[in-house]
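> Below is a structure I'd like to ask you about.
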Amino acid sequence: MEDAVSIGGGVPNPVPVTMNALRRGQNRYDIYCATCHGRNGEGNGPVVGPSRFPAPPSLHTDQARGYADGTICYIITKGAGKMPAYAGQIEPEDRWKIVHYVRALQRARNPRPEDYQ
């Protein structure tokens, strides 16, 4: 994981955050990520279980929330741990839109004080 953090961490998300980008990110997340990570990013997708696949990390951990956008995109692209690479399945721009959607999931679970104003 050190590799993903150091390689992708300095790359900013080039895709602006818009409702269309979030909707597309959600659509791609639901297709490619929710199977393992679950609809809410908790690591409890439908293929996870004792006789199936091991649970992936929750996307709501301090570690996951601390990843730079570039790190998350790098992990989607190249894979990490038991997660395979998705470079062949998900277009580069869609990977960045998934990152925006993951951030929205994280922020919904861990709102900031300014979200209440």
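Residue numbers start at 1 in each chain; chains themselves are named A, B, ... in the order of the structure tokens; ligands are numbered from 1 in the order shown.
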Quick one: residues within 12 Å of Asn40 (chain A), only C-alpha atoms, excluding same-chain residues fewer than 5 positions away - as an MDAnalysis selection string?
chainID A and resid 26 29:30 33:35 45 58:60 101:109
> Give me, as a list in words, all polymer residues having an atom no more than 9 Å from Pro16 (chain A), counting only C-alpha atoms and skipping those fewer than 2 positions away in the same chain.
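Non-adjacent residues within range: Asn13, Pro14, Thr18, Ala21, Lys97 and His100 of chain A.
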> For Ala55 (chain A), work out the shell of residues within 9 Å, counting only C-alpha atoms and skipping chain neighbours fewer than 6 positions away, then give it as a PyMOL selection string.
chain A and resi 36-37+43-45+47-49
> Provide the CA of Gly25 (chain A) to CA of Gly9 (chain A) distance in Å, to one decimal place.
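A separation of 19.8 Å between them.
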> Grab the CA of Tyr32 (chain A) to CA of Ala87 (chain A) distance for me, in Å with one decimal place.
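Rounded to one decimal, the two atoms are 11.5 Å apart.
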